[in-house]
Amino acid sequence: MHYTIQQIAQIIGGKFLRRSGGKAIVKHLLTDSRQLIFPETTLFFALPGVSQDGHIFLERLYEAGVRCFIVSKKEAYDALPEANIVQVDEVLTALQELAAHHRQQFDIPVVGITGSNGKTIVKEWLFQLLRDDHRIVRSPRSYNSQVGVPLSVWQIQPRHTIGIFEAGISQTGEMARSAQIIRCTAGIFTNIGEAHAEGFTDLMEKLQEKLLLFEFADIIVYCKDNPSVDAAIRALNKRFFCWSRTDPADLRIQDIRQTGAGHAQIEAVFQGDKLAITIPFSDAASIENAIHCWAMLLFLNVPQEVIEQRMANLEPVAMRLELREGINGCTLINDSYNSDFTSLSIALNFMEQQRGGARRTLIAGLLLVACVLFCHEKKLT
């Protein structure tokens, strides 16, 4: 699914400062000039920044083949004679409005994930657990910011059967905008903590702000062991699926024990039946993240025997591009856990930043199998 620049200008309420002939097709959104891959079908949003303003990169991108731009500065742009330049009051708002419009073109289940920790792990594990049953669209890496959320949602296409997106916040007012973009039909609240708390007066204000993500949700999955979280979610008057280690809950955890070789077995009661899963992790954070996923799968009516099999095969999730020392003075950048073109562009940009004057080599397997390795090699004499 794609749009013309004329359609986009109408969606975001923009005004053409320059307009070339023909109907320019937009398939890709760009906010970082270093991540350009498909110039002919890219729309660049000139976001203002703390250190750099996106407007200063227009000419460079134009020379690279980009012909569609969203700007906020009203200028002649004589150096971009064949460009389509649309002016808006706020570029970030325009990006978010476009993504929100795009989301509403699809009637598919969407899982929205928020909390202080664990968002990316839960999202990636849900992908691993559901990928055999669905064609999934999800946030690349931890794209959960005011820019990352719309770029993630823009990926939805008619082939997808479910979406999994995470959303984070740094200050009040942000989650309401993300909620309009994601429009999750089911939500997962991982936990609440002090991470990124500097933008809020206290923990309760941050909690209430995070819960705004679930404005459109039909169900919320969460752990009820934190009384403040439990009370706040119940006050939303929405359907919920809760789990607990200590109190009666939809999924009542009865025992967690180490089974050797870094594995943990989790036993619980659900609808009167005793269930158990074994995961190839034993740390407290992984156990909590796995239980969140377990609860969501039970709500989605995935058979317990299927859950057990897939939980046992969960794979670790790299949280960032991994730099490793290779042989012959090489540096290996491992980005094999992700398998989409957005992540590929991020990894290539990272490689460019790291390489200095060295030769670069890309080793790419099938993206759908998620085996992409990036090598950064020093020149050999």
# chains A, B, ... in the order shown; residues from 1 in each chain; ligands from 1
$ residues_around --residues "region 201-210 of chain A" --least-positions-apart "4" --cutoff "10 Å" --atoms "only C-alpha atoms" --output "list in words"
Ile113, Thr114, Gly115, Ser116, Ala167, Gly168, Ile169, Ser170, Gln171, Thr172, Gly173, Glu174, Met175, Ala176, Ala179, Phe189, Asn191, Ile192, Gly193, Glu194, Ala195, His196, Ala197, Phe214, Ser228, Val229, Ala232 and Ile233 of chain A
$ residues_around --residues "region 12-25 of chain A" --least-positions-apart "3" --cutoff "6 Å" --atoms "only C-alpha atoms" --output "list in words"
Tyr3, Thr4, Ile5, Ala9, Thr41, Glu82, Ala83, Asn84, Ile85, Val86, Gln87, Val88 and Ala94 of chain A
$ select_by_dssp --residues "region 58-305 of chain A" --states "strand (DSSP E)" --output "PyMOL selection string"
chain A and resi 68-71+84-87+110-114+136-138+162-166+186-189+219-223+239-244+251-260+263-270+273-279
$ select_by_dssp --residues "region 185-340 of chain A" --states "alpha helix (DSSP H)" --output "MDAnalysis selection string"
chainID A and resid 203:211 227:234 284:299 304:311
$ residues_around --residues "Glu308 (chain A)" --least-positions-apart "5" --cutoff "10 Å" --atoms "only C-alpha atoms" --output "list in words"
Leu275, Ala276, Ile277, Thr278, Ile279, Trp294, Pro303 and Asn313 of chain A
